[in-house]
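protein.txt (compact mmCIF, N, CA and C atoms and all ligand atoms)
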# COMPACT_ATOMS: atom_id res chain seq x y z
N MET A 1032 105.70 -50.34 224.84
CA MET A 1032 106.13 -50.47 226.23
C MET A 1032 107.50 -51.15 226.29
N LEU A 1033 108.34 -50.62 227.19
CA LEU A 1033 109.69 -51.18 227.32
C LEU A 1033 109.69 -52.44 228.16
N GLU A 1034 110.21 -53.50 227.63
CA GLU A 1034 110.35 -54.74 228.38
C GLU A 1034 111.75 -54.82 228.95
N PRO A 1035 111.87 -55.13 230.23
CA PRO A 1035 113.22 -55.30 230.76
C PRO A 1035 113.90 -56.51 230.12
N LYS A 1036 115.20 -56.39 229.93
CA LYS A 1036 115.94 -57.44 229.24
C LYS A 1036 116.01 -58.72 230.05
N TYR A 1037 116.20 -58.56 231.37
CA TYR A 1037 116.34 -59.73 232.23
C TYR A 1037 115.36 -59.64 233.39
N GLY A 1038 115.15 -60.77 234.04
CA GLY A 1038 114.39 -60.79 235.27
C GLY A 1038 112.91 -60.62 235.05
N SER A 1039 112.17 -60.61 236.16
CA SER A 1039 110.72 -60.50 236.06
C SER A 1039 110.33 -59.06 235.77
N PRO A 1040 109.25 -58.88 234.98
CA PRO A 1040 108.82 -57.51 234.66
C PRO A 1040 108.44 -56.76 235.93
N GLY A 1041 108.78 -55.52 235.99
CA GLY A 1041 108.41 -54.70 237.14
C GLY A 1041 109.37 -54.78 238.31
N SER A 1042 110.39 -55.66 238.21
CA SER A 1042 111.35 -55.68 239.32
C SER A 1042 112.26 -54.46 239.23
N ILE A 1043 112.77 -54.06 240.38
CA ILE A 1043 113.55 -52.83 240.44
C ILE A 1043 114.93 -53.05 239.84
N PRO A 1044 115.36 -52.14 238.95
CA PRO A 1044 116.69 -52.32 238.37
C PRO A 1044 117.78 -52.15 239.42
N LYS A 1045 118.81 -52.95 239.29
CA LYS A 1045 120.00 -52.77 240.12
C LYS A 1045 120.87 -51.71 239.48
N THR A 1046 121.60 -50.99 240.30
CA THR A 1046 122.52 -50.00 239.77
C THR A 1046 123.94 -50.43 240.10
N CYS A 1047 124.76 -50.54 239.06
CA CYS A 1047 126.15 -50.92 239.28
C CYS A 1047 126.86 -49.79 240.04
N PRO A 1048 127.48 -50.12 241.20
CA PRO A 1048 128.18 -49.07 241.95
C PRO A 1048 129.44 -48.58 241.25
N ASN A 1049 129.89 -49.34 240.24
CA ASN A 1049 131.13 -48.97 239.55
C ASN A 1049 130.85 -48.12 238.32
N CYS A 1050 129.98 -48.61 237.42
CA CYS A 1050 129.79 -47.89 236.15
C CYS A 1050 128.40 -47.26 236.05
N SER A 1051 127.60 -47.34 237.14
CA SER A 1051 126.29 -46.70 237.22
C SER A 1051 125.28 -47.21 236.20
N LEU A 1052 125.50 -48.42 235.68
CA LEU A 1052 124.56 -49.01 234.75
C LEU A 1052 123.30 -49.45 235.51
N ASP A 1053 122.13 -49.03 235.00
CA ASP A 1053 120.87 -49.47 235.58
C ASP A 1053 120.40 -50.69 234.83
N ILE A 1054 120.17 -51.80 235.53
CA ILE A 1054 119.79 -53.01 234.83
C ILE A 1054 118.92 -53.91 235.71
N VAL A 1055 117.88 -54.47 235.07
CA VAL A 1055 117.06 -55.47 235.77
C VAL A 1055 117.65 -56.83 235.44
N THR A 1056 118.24 -57.47 236.42
CA THR A 1056 118.90 -58.74 236.19
C THR A 1056 118.93 -59.58 237.44
N GLU A 1057 118.94 -60.89 237.27
CA GLU A 1057 119.10 -61.80 238.41
C GLU A 1057 120.57 -62.06 238.67
N GLU A 1058 121.42 -61.68 237.70
CA GLU A 1058 122.86 -61.86 237.84
C GLU A 1058 123.37 -61.02 239.00
N MET A 1059 124.43 -61.51 239.65
CA MET A 1059 125.01 -60.75 240.76
C MET A 1059 126.30 -60.05 240.32
N VAL A 1060 126.51 -60.00 238.99
CA VAL A 1060 127.68 -59.32 238.46
C VAL A 1060 127.22 -58.36 237.37
N CYS A 1061 127.83 -57.17 237.31
CA CYS A 1061 127.46 -56.20 236.28
C CYS A 1061 127.83 -56.74 234.90
N PRO A 1062 126.85 -56.78 233.95
CA PRO A 1062 127.15 -57.31 232.62
C PRO A 1062 128.09 -56.41 231.82
N GLN A 1063 128.25 -55.18 232.27
CA GLN A 1063 129.09 -54.24 231.53
C GLN A 1063 130.53 -54.22 232.01
N CYS A 1064 130.71 -54.19 233.35
CA CYS A 1064 132.08 -54.06 233.86
C CYS A 1064 132.47 -55.19 234.81
N ARG A 1065 131.59 -56.16 235.04
CA ARG A 1065 131.83 -57.33 235.88
C ARG A 1065 131.98 -56.98 237.36
N HIS A 1066 131.59 -55.80 237.75
CA HIS A 1066 131.62 -55.41 239.16
C HIS A 1066 130.49 -56.13 239.89
N PRO A 1067 130.73 -56.64 241.13
CA PRO A 1067 129.65 -57.33 241.84
C PRO A 1067 128.47 -56.40 242.13
N LEU A 1068 127.26 -56.92 241.93
CA LEU A 1068 126.05 -56.16 242.22
C LEU A 1068 125.46 -56.64 243.54
N GLN A 1069 124.73 -55.76 244.20
CA GLN A 1069 124.05 -56.15 245.42
C GLN A 1069 122.57 -56.30 245.17
N LYS A 1070 121.95 -57.26 245.86
CA LYS A 1070 120.51 -57.45 245.74
C LYS A 1070 119.80 -56.21 246.28
N VAL A 1071 118.67 -55.87 245.65
CA VAL A 1071 117.88 -54.73 246.11
C VAL A 1071 117.43 -54.96 247.55
N SER A 1072 117.08 -56.23 247.88
CA SER A 1072 116.64 -56.51 249.26
C SER A 1072 117.78 -56.30 250.25
N THR A 1073 119.01 -56.69 249.85
CA THR A 1073 120.18 -56.48 250.71
C THR A 1073 120.39 -54.99 250.95
N LEU A 1074 120.28 -54.20 249.87
CA LEU A 1074 120.47 -52.75 249.98
C LEU A 1074 119.41 -52.14 250.90
N ARG A 1075 118.19 -52.67 250.83
CA ARG A 1075 117.12 -52.14 251.69
C ARG A 1075 117.42 -52.44 253.16
N VAL A 1076 117.89 -53.67 253.43
CA VAL A 1076 118.23 -54.04 254.82
C VAL A 1076 119.35 -53.13 255.31
N LEU A 1077 120.38 -52.94 254.46
CA LEU A 1077 121.48 -52.04 254.83
C LEU A 1077 120.96 -50.62 255.05
N GLY A 1078 119.96 -50.24 254.24
CA GLY A 1078 119.34 -48.92 254.39
C GLY A 1078 118.71 -48.75 255.76
N VAL A 1079 118.00 -49.78 256.21
CA VAL A 1079 117.37 -49.74 257.53
C VAL A 1079 118.44 -49.59 258.61
N VAL A 1080 119.54 -50.35 258.46
CA VAL A 1080 120.64 -50.28 259.42
C VAL A 1080 121.20 -48.85 259.47
N GLN A 1081 121.37 -48.25 258.27
CA GLN A 1081 121.90 -46.88 258.21
C GLN A 1081 120.96 -45.88 258.86
N VAL A 1082 119.65 -46.05 258.63
CA VAL A 1082 118.67 -45.13 259.22
C VAL A 1082 118.73 -45.23 260.75
N ILE A 1083 118.78 -46.47 261.27
CA ILE A 1083 118.85 -46.67 262.73
C ILE A 1083 120.14 -46.05 263.28
N LEU A 1084 121.26 -46.31 262.59
CA LEU A 1084 122.55 -45.75 263.00
C LEU A 1084 122.49 -44.22 263.01
N GLY A 1085 121.87 -43.66 261.95
CA GLY A 1085 121.75 -42.20 261.84
C GLY A 1085 120.95 -41.62 262.99
N ILE A 1086 119.79 -42.24 263.30
CA ILE A 1086 118.96 -41.76 264.40
C ILE A 1086 119.73 -41.87 265.72
N PHE A 1087 120.45 -42.99 265.88
CA PHE A 1087 121.22 -43.21 267.09
C PHE A 1087 122.27 -42.11 267.27
N LEU A 1088 123.07 -41.86 266.21
CA LEU A 1088 124.12 -40.83 266.29
C LEU A 1088 123.54 -39.46 266.59
N MET A 1089 122.43 -39.12 265.89
CA MET A 1089 121.82 -37.81 266.09
C MET A 1089 121.31 -37.64 267.50
N SER A 1090 120.67 -38.69 268.06
CA SER A 1090 120.12 -38.54 269.41
C SER A 1090 121.23 -38.52 270.45
N VAL A 1091 122.28 -39.35 270.26
CA VAL A 1091 123.39 -39.33 271.21
C VAL A 1091 124.04 -37.95 271.22
N MET A 1092 124.26 -37.38 270.02
CA MET A 1092 124.88 -36.06 269.94
C MET A 1092 123.99 -34.97 270.54
N ALA A 1093 122.68 -35.11 270.34
CA ALA A 1093 121.75 -34.12 270.90
C ALA A 1093 121.80 -34.16 272.43
N VAL A 1094 121.79 -35.39 273.00
CA VAL A 1094 121.83 -35.54 274.46
C VAL A 1094 123.16 -35.02 275.00
N LEU A 1095 124.29 -35.42 274.35
CA LEU A 1095 125.61 -34.99 274.81
C LEU A 1095 125.76 -33.47 274.72
N SER A 1096 125.25 -32.87 273.64
CA SER A 1096 125.33 -31.41 273.48
C SER A 1096 124.59 -30.73 274.62
N PHE A 1097 123.44 -31.27 274.95
CA PHE A 1097 122.64 -30.70 276.04
C PHE A 1097 123.40 -30.78 277.35
N LEU A 1098 124.02 -31.96 277.62
CA LEU A 1098 124.78 -32.14 278.86
C LEU A 1098 125.97 -31.20 278.91
N ILE A 1099 126.72 -31.13 277.79
CA ILE A 1099 127.90 -30.25 277.73
C ILE A 1099 127.48 -28.79 277.92
N PHE A 1100 126.38 -28.43 277.29
CA PHE A 1100 125.89 -27.07 277.41
C PHE A 1100 125.64 -26.72 278.87
N ASN A 1101 125.02 -27.64 279.59
CA ASN A 1101 124.74 -27.41 281.01
C ASN A 1101 126.02 -27.32 281.83
N ILE A 1102 127.00 -28.21 281.50
CA ILE A 1102 128.26 -28.21 282.23
C ILE A 1102 129.02 -26.90 281.99
N VAL A 1103 129.04 -26.46 280.73
CA VAL A 1103 129.74 -25.21 280.39
C VAL A 1103 129.06 -24.02 281.06
N ARG A 1104 127.74 -24.07 281.11
CA ARG A 1104 127.01 -22.98 281.72
C ARG A 1104 127.31 -22.89 283.22
N ASN A 1105 127.66 -24.05 283.82
CA ASN A 1105 127.99 -24.08 285.24
C ASN A 1105 129.44 -23.70 285.52
N ALA A 1106 130.20 -23.40 284.46
CA ALA A 1106 131.65 -23.19 284.59
C ALA A 1106 131.99 -22.14 285.64
N ASP A 1107 131.18 -21.10 285.77
CA ASP A 1107 131.49 -20.03 286.71
C ASP A 1107 130.80 -20.21 288.06
N ASP A 1108 130.08 -21.31 288.19
CA ASP A 1108 129.34 -21.55 289.42
C ASP A 1108 130.13 -22.52 290.30
N PRO A 1109 130.75 -22.03 291.40
CA PRO A 1109 131.62 -22.89 292.22
C PRO A 1109 130.86 -24.01 292.92
N SER A 1110 129.54 -23.86 293.10
CA SER A 1110 128.78 -24.87 293.83
C SER A 1110 128.34 -26.03 292.94
N ALA A 1111 128.49 -25.86 291.62
CA ALA A 1111 128.04 -26.90 290.69
C ALA A 1111 128.91 -28.15 290.83
N THR A 1112 128.29 -29.31 290.71
CA THR A 1112 129.03 -30.56 290.86
C THR A 1112 129.87 -30.86 289.62
N THR A 1113 129.33 -30.55 288.46
CA THR A 1113 130.09 -30.76 287.23
C THR A 1113 130.39 -29.41 286.60
N ARG A 1114 131.68 -29.14 286.43
CA ARG A 1114 132.07 -27.87 285.84
C ARG A 1114 133.06 -28.11 284.71
N PHE A 1115 132.95 -27.29 283.70
CA PHE A 1115 133.87 -27.39 282.56
C PHE A 1115 135.15 -26.64 282.90
N THR A 1116 136.29 -27.37 282.90
CA THR A 1116 137.54 -26.73 283.30
C THR A 1116 138.48 -26.52 282.12
N GLY A 1117 138.07 -26.95 280.92
CA GLY A 1117 138.92 -26.78 279.74
C GLY A 1117 138.90 -25.34 279.22
N SER A 1118 139.74 -25.08 278.23
CA SER A 1118 139.80 -23.76 277.64
C SER A 1118 138.74 -23.62 276.55
N ASP A 1119 138.64 -22.43 276.00
CA ASP A 1119 137.71 -22.21 274.88
C ASP A 1119 138.09 -23.07 273.69
N LYS A 1120 139.41 -23.30 273.55
CA LYS A 1120 139.90 -24.12 272.43
C LYS A 1120 139.38 -25.55 272.56
N ASP A 1121 139.44 -26.09 273.78
CA ASP A 1121 138.91 -27.44 274.02
C ASP A 1121 137.43 -27.50 273.66
N LEU A 1122 136.73 -26.48 274.08
CA LEU A 1122 135.29 -26.42 273.84
C LEU A 1122 134.99 -26.41 272.34
N LEU A 1123 135.81 -25.64 271.61
CA LEU A 1123 135.64 -25.54 270.16
C LEU A 1123 135.83 -26.90 269.49
N PHE A 1124 136.82 -27.66 269.97
CA PHE A 1124 137.06 -28.99 269.43
C PHE A 1124 135.87 -29.92 269.71
N ILE A 1125 135.37 -29.81 270.93
CA ILE A 1125 134.23 -30.66 271.30
C ILE A 1125 133.05 -30.35 270.38
N ILE A 1126 132.78 -29.05 270.20
CA ILE A 1126 131.66 -28.65 269.34
C ILE A 1126 131.90 -29.12 267.91
N GLY A 1127 133.17 -29.00 267.45
CA GLY A 1127 133.52 -29.44 266.09
C GLY A 1127 133.27 -30.92 265.89
N ILE A 1128 133.73 -31.73 266.86
CA ILE A 1128 133.54 -33.18 266.77
C ILE A 1128 132.06 -33.53 266.81
N PHE A 1129 131.34 -32.88 267.72
CA PHE A 1129 129.90 -33.13 267.82
C PHE A 1129 129.22 -32.80 266.50
N GLY A 1130 129.61 -31.67 265.92
CA GLY A 1130 129.00 -31.25 264.66
C GLY A 1130 129.23 -32.27 263.56
N VAL A 1131 130.48 -32.75 263.46
CA VAL A 1131 130.81 -33.73 262.41
C VAL A 1131 130.06 -35.05 262.64
N VAL A 1132 130.05 -35.52 263.89
CA VAL A 1132 129.34 -36.77 264.19
C VAL A 1132 127.85 -36.61 263.88
N PHE A 1133 127.31 -35.45 264.22
CA PHE A 1133 125.90 -35.19 263.93
C PHE A 1133 125.65 -35.23 262.42
N LEU A 1134 126.57 -34.62 261.64
CA LEU A 1134 126.45 -34.64 260.18
C LEU A 1134 126.53 -36.06 259.63
N VAL A 1135 127.43 -36.88 260.23
CA VAL A 1135 127.52 -38.28 259.82
C VAL A 1135 126.17 -38.96 260.06
N GLY A 1136 125.56 -38.65 261.21
CA GLY A 1136 124.24 -39.20 261.53
C GLY A 1136 123.20 -38.79 260.51
N VAL A 1137 123.20 -37.49 260.16
CA VAL A 1137 122.21 -36.96 259.20
C VAL A 1137 122.39 -37.63 257.83
N THR A 1138 123.65 -37.71 257.36
CA THR A 1138 123.88 -38.29 256.03
C THR A 1138 123.60 -39.80 256.04
N SER A 1139 123.93 -40.47 257.15
CA SER A 1139 123.64 -41.89 257.25
C SER A 1139 122.14 -42.13 257.18
N PHE A 1140 121.39 -41.29 257.89
CA PHE A 1140 119.93 -41.36 257.89
C PHE A 1140 119.39 -41.13 256.48
N ALA A 1141 119.89 -40.06 255.83
CA ALA A 1141 119.42 -39.71 254.49
C ALA A 1141 119.76 -40.81 253.48
N GLY A 1142 121.00 -41.31 253.56
CA GLY A 1142 121.44 -42.37 252.64
C GLY A 1142 120.63 -43.64 252.83
N GLY A 1143 120.36 -43.98 254.10
CA GLY A 1143 119.58 -45.18 254.39
C GLY A 1143 118.16 -45.06 253.87
N ALA A 1144 117.55 -43.89 254.11
CA ALA A 1144 116.19 -43.65 253.64
C ALA A 1144 116.14 -43.75 252.11
N TRP A 1145 117.13 -43.17 251.45
CA TRP A 1145 117.23 -43.23 249.98
C TRP A 1145 117.28 -44.69 249.49
N GLN A 1146 118.11 -45.50 250.19
CA GLN A 1146 118.25 -46.90 249.80
C GLN A 1146 116.96 -47.69 250.00
N ILE A 1147 116.23 -47.37 251.05
CA ILE A 1147 114.97 -48.07 251.31
C ILE A 1147 113.95 -47.71 250.24
N ILE A 1148 113.90 -46.42 249.89
CA ILE A 1148 112.88 -45.95 248.94
C ILE A 1148 113.22 -46.37 247.51
N PHE A 1149 114.46 -46.15 247.10
CA PHE A 1149 114.81 -46.37 245.69
C PHE A 1149 115.50 -47.71 245.42
N GLY A 1150 115.86 -48.45 246.47
CA GLY A 1150 116.49 -49.75 246.30
C GLY A 1150 117.90 -49.68 245.75
N LYS A 1151 118.51 -48.51 245.84
CA LYS A 1151 119.92 -48.39 245.42
C LYS A 1151 120.60 -47.28 246.20
N ARG A 1152 121.92 -47.30 246.14
CA ARG A 1152 122.70 -46.30 246.85
C ARG A 1152 122.64 -44.95 246.13
N ASN A 1153 122.78 -43.89 246.92
CA ASN A 1153 123.00 -42.58 246.33
C ASN A 1153 124.49 -42.28 246.49
N LYS A 1154 125.20 -42.20 245.35
CA LYS A 1154 126.66 -42.12 245.45
C LYS A 1154 127.14 -40.82 246.09
N TYR A 1155 126.32 -39.76 245.96
CA TYR A 1155 126.73 -38.49 246.58
C TYR A 1155 126.65 -38.59 248.10
N ILE A 1156 125.57 -39.24 248.58
CA ILE A 1156 125.42 -39.40 250.03
C ILE A 1156 126.50 -40.33 250.56
N THR A 1157 126.79 -41.41 249.82
CA THR A 1157 127.85 -42.34 250.23
C THR A 1157 129.18 -41.60 250.34
N ARG A 1158 129.45 -40.72 249.36
CA ARG A 1158 130.70 -39.94 249.38
C ARG A 1158 130.72 -38.98 250.56
N ALA A 1159 129.55 -38.36 250.83
CA ALA A 1159 129.47 -37.41 251.95
C ALA A 1159 129.80 -38.11 253.27
N ILE A 1160 129.29 -39.35 253.44
CA ILE A 1160 129.57 -40.10 254.67
C ILE A 1160 131.08 -40.34 254.79
N LEU A 1161 131.72 -40.70 253.67
CA LEU A 1161 133.17 -40.93 253.67
C LEU A 1161 133.92 -39.66 254.04
N VAL A 1162 133.49 -38.52 253.45
CA VAL A 1162 134.16 -37.24 253.72
C VAL A 1162 134.02 -36.88 255.20
N PHE A 1163 132.79 -37.01 255.74
CA PHE A 1163 132.57 -36.66 257.15
C PHE A 1163 133.35 -37.61 258.06
N GLY A 1164 133.39 -38.88 257.68
CA GLY A 1164 134.15 -39.86 258.46
C GLY A 1164 135.62 -39.50 258.50
N ALA A 1165 136.16 -39.10 257.34
CA ALA A 1165 137.57 -38.69 257.26
C ALA A 1165 137.80 -37.43 258.09
N LEU A 1166 136.86 -36.50 258.02
CA LEU A 1166 136.93 -35.25 258.78
C LEU A 1166 136.97 -35.54 260.27
N PHE A 1167 136.12 -36.49 260.68
CA PHE A 1167 136.03 -36.87 262.08
C PHE A 1167 137.37 -37.42 262.57
N MET A 1168 137.99 -38.30 261.75
CA MET A 1168 139.26 -38.89 262.13
C MET A 1168 140.35 -37.82 262.17
N LEU A 1169 140.27 -36.86 261.24
CA LEU A 1169 141.23 -35.76 261.19
C LEU A 1169 141.16 -34.93 262.47
N ILE A 1170 139.95 -34.57 262.88
CA ILE A 1170 139.77 -33.80 264.11
C ILE A 1170 140.27 -34.61 265.30
N GLY A 1171 139.96 -35.90 265.29
CA GLY A 1171 140.44 -36.77 266.38
C GLY A 1171 141.95 -36.78 266.47
N LEU A 1172 142.62 -36.83 265.30
CA LEU A 1172 144.08 -36.82 265.25
C LEU A 1172 144.62 -35.50 265.80
N VAL A 1173 144.03 -34.38 265.35
CA VAL A 1173 144.47 -33.06 265.78
C VAL A 1173 144.34 -32.94 267.30
N VAL A 1174 143.18 -33.40 267.80
CA VAL A 1174 142.94 -33.31 269.25
C VAL A 1174 143.97 -34.14 270.00
N SER A 1175 144.25 -35.36 269.50
CA SER A 1175 145.18 -36.22 270.23
C SER A 1175 146.60 -35.67 270.18
N PHE A 1176 146.93 -34.88 269.17
CA PHE A 1176 148.25 -34.26 269.10
C PHE A 1176 148.35 -33.06 270.03
N LEU A 1177 147.24 -32.33 270.19
CA LEU A 1177 147.27 -31.09 270.96
C LEU A 1177 147.02 -31.30 272.45
N THR A 1178 146.51 -32.46 272.81
CA THR A 1178 146.21 -32.65 274.24
C THR A 1178 147.15 -33.67 274.88
ZN ZN A 1201 129.20 -51.91 236.02
Could you quickly redo this structure as structure tokens?
Amino acid sequence: MLEPKYGSPGSIPKTCPNCSLDIVTEEMVCPQCRHPLQKVSTLRVLGVVQVILGIFLMSVMAVLSFLIFNIVRNADDPSATTRFTGSDKDLLFIIGIFGVVFLVGVTSFAGGAWQIIFGKRNKYITRAILVFGALFMLIGLVVSFLT
């Protein structure tokens, strides 16, 4: 049977975010590359925060999409109180931004759930969140230049 080198037996190994070393240790620094390690409990708390944030983003986007859909559908109805007066291009941007924010919500939820279950980050999900975040800012920049 394999005995962990450090820490109490059966404790969850920490994963170095820098060199991906899996190690059971009470140290807060990676023994291989000296990169700071995070406590498994800290990662789990952050995971819960990410899951809540993910659910929040997804539900806000779902509600907003529903509202926008209704407003757009009323576009040709002169008696409607709220009507969409933008062009198809504006609408496309709105849908694009909503889609990206929704994806950020999904990945945040998935990443948080992963952290709660496994006690460590999933680097692919973390990267996906960064990519979607960058995409969101890019769309925001394009919109602010065009409007
Ligand atoms: Zn390391």
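If you measure from each of A:Cys1064, A:Met1059, A:Val1071, A:Ile1156 to ligand ZN 1201 (chain A) using only C-alpha atoms and all ligand atoms, the closest one turns out to be A:Cys1064.
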Contacts of Gln1146 (chain A) within 9 Å, only C-alpha atoms, excl. fewer than 2 positions in-chain, as a PyMOL selection string: chain A and resi 1071+1074-1079+1141-1144+1148-1153
Show me, as lines of an AutoDock Vina configuration file, the centre and edge lengths in Å to one decimal of the axis-aligned box that covers every listed atom of region 1142-1152 of chain A with 6 Å on each side.
center_x = 117.8
center_y = -45.5
center_z = 249.9
size_x = 21.8
size_y = 20.4
size_z = 21.0
Computed interatomic separation between CA of Tyr1155 (chain A) and atom C of Leu1123 (chain A) (Å):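 A separation of 27.2 Å between them.
Distance check against ligand ZN 1201 (chain A) using all atoms listed in the file: of A:Ile1147, A:Arg1065, A:Thr1056, A:Phe1115, the minimum falls on A:Arg1065.
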Picked from region 1034-1151 of chain A by DSSP as strand (DSSP E), as a VMD selection string: chain A and resid 1045 to 1046 1053 to 1054
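Note that CA of Gly1136 (chain A) and atom N of Met1089 (chain A) are 4.7 Å apart.
From CA of Thr1046 (chain A) back to CA of Val1080 (chain A), the distance works out to 19.7 Å.
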Sel. of alpha helix (DSSP H) residues, region 1033-1166 of chain A, as a VMD selection string: chain A and resid 1071 to 1104 1119 to 1149 1154 to 1166
Nearby residues (all atoms listed in the file) at most 8 Å from Ser1090 (chain A), same-chain spacing under 5 positions excluded, as a ChimeraX atom specification: /A:1084-1085,1095-1096,1133,1136
Option closest in space to Phe1124 (chain A), from A:Val1174, A:Ile1043, A:Asn1049, A:Leu1088 [counting all atoms listed in the file]: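 Nearest candidate to Phe1124 (chain A) out of A:Val1174, A:Ile1043, A:Asn1049, A:Leu1088: A:Val1174.
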Write only C-alpha atoms for region 1040-1096 of chain A from the block just shown, as an mmCIF file, in the first residue's frame.
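Result file is out_39.cif:
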data_model
loop_
_atom_site.group_PDB
_atom_site.id
_atom_site.type_symbol
_atom_site.label_atom_id
_atom_site.label_comp_id
_atom_site.auth_asym_id
_atom_site.auth_seq_id
_atom_site.Cartn_x
_atom_site.Cartn_y
_atom_site.Cartn_z
ATOM 1 C CA PRO A 1040 -3.113 9.367 5.519
ATOM 2 C CA GLY A 1041 -6.162 9.651 3.314
ATOM 3 C CA SER A 1042 -6.053 13.426 2.993
ATOM 4 C CA ILE A 1043 -6.668 14.766 -0.480
ATOM 5 C CA PRO A 1044 -3.529 15.620 -2.438
ATOM 6 C CA LYS A 1045 -3.042 19.231 -3.419
ATOM 7 C CA THR A 1046 -2.286 19.935 -7.038
ATOM 8 C CA CYS A 1047 0.289 22.579 -7.862
ATOM 9 C CA PRO A 1048 -1.336 25.060 -10.277
ATOM 10 C CA ASN A 1049 2.084 25.708 -11.809
ATOM 11 C CA CYS A 1050 3.751 22.325 -12.348
ATOM 12 C CA SER A 1051 0.694 20.043 -11.801
ATOM 13 C CA LEU A 1052 2.464 18.046 -9.086
ATOM 14 C CA ASP A 1053 0.002 16.029 -6.988
ATOM 15 C CA ILE A 1054 1.124 15.945 -3.386
ATOM 16 C CA VAL A 1055 -0.297 15.341 0.073
ATOM 17 C CA THR A 1056 1.343 18.004 2.203
ATOM 18 C CA GLU A 1057 0.621 20.494 4.964
ATOM 19 C CA GLU A 1058 3.066 22.889 3.308
ATOM 20 C CA MET A 1059 1.543 25.859 1.510
ATOM 21 C CA VAL A 1060 4.322 25.935 -1.081
ATOM 22 C CA CYS A 1061 4.976 23.433 -3.883
ATOM 23 C CA PRO A 1062 8.063 21.351 -2.935
ATOM 24 C CA GLN A 1063 9.000 21.090 -6.601
ATOM 25 C CA CYS A 1064 8.667 24.615 -7.975
ATOM 26 C CA ARG A 1065 7.942 26.725 -4.844
ATOM 27 C CA HIS A 1066 4.641 27.934 -6.297
ATOM 28 C CA PRO A 1067 2.062 28.763 -3.559
ATOM 29 C CA LEU A 1068 -0.488 25.996 -2.986
ATOM 30 C CA GLN A 1069 -4.075 26.486 -1.937
ATOM 31 C CA LYS A 1070 -5.798 24.538 0.815
ATOM 32 C CA VAL A 1071 -8.305 21.963 -0.414
ATOM 33 C CA SER A 1072 -10.903 23.559 1.885
ATOM 34 C CA THR A 1073 -10.205 26.993 0.353
ATOM 35 C CA LEU A 1074 -10.625 25.542 -3.142
ATOM 36 C CA ARG A 1075 -13.926 23.952 -2.117
ATOM 37 C CA VAL A 1076 -15.243 27.268 -0.748
ATOM 38 C CA LEU A 1077 -14.157 28.977 -3.984
ATOM 39 C CA GLY A 1078 -15.892 26.142 -5.846
ATOM 40 C CA VAL A 1079 -19.171 26.885 -4.072
ATOM 41 C CA VAL A 1080 -18.786 30.582 -4.950
ATOM 42 C CA GLN A 1081 -18.205 29.649 -8.614
ATOM 43 C CA VAL A 1082 -21.244 27.350 -8.682
ATOM 44 C CA ILE A 1083 -23.463 30.105 -7.209
ATOM 45 C CA LEU A 1084 -22.021 32.650 -9.667
ATOM 46 C CA GLY A 1085 -22.604 30.207 -12.535
ATOM 47 C CA ILE A 1086 -26.239 29.594 -11.559
ATOM 48 C CA PHE A 1087 -26.740 33.339 -11.135
ATOM 49 C CA LEU A 1088 -25.307 34.177 -14.591
ATOM 50 C CA MET A 1089 -27.289 31.401 -16.282
ATOM 51 C CA SER A 1090 -30.590 32.421 -14.699
ATOM 52 C CA VAL A 1091 -30.060 36.140 -15.358
ATOM 53 C CA MET A 1092 -29.272 35.381 -19.013
ATOM 54 C CA ALA A 1093 -32.276 33.062 -19.295
ATOM 55 C CA VAL A 1094 -34.622 35.741 -17.884
ATOM 56 C CA LEU A 1095 -33.092 38.513 -20.043
ATOM 57 C CA SER A 1096 -33.278 36.337 -23.183
#
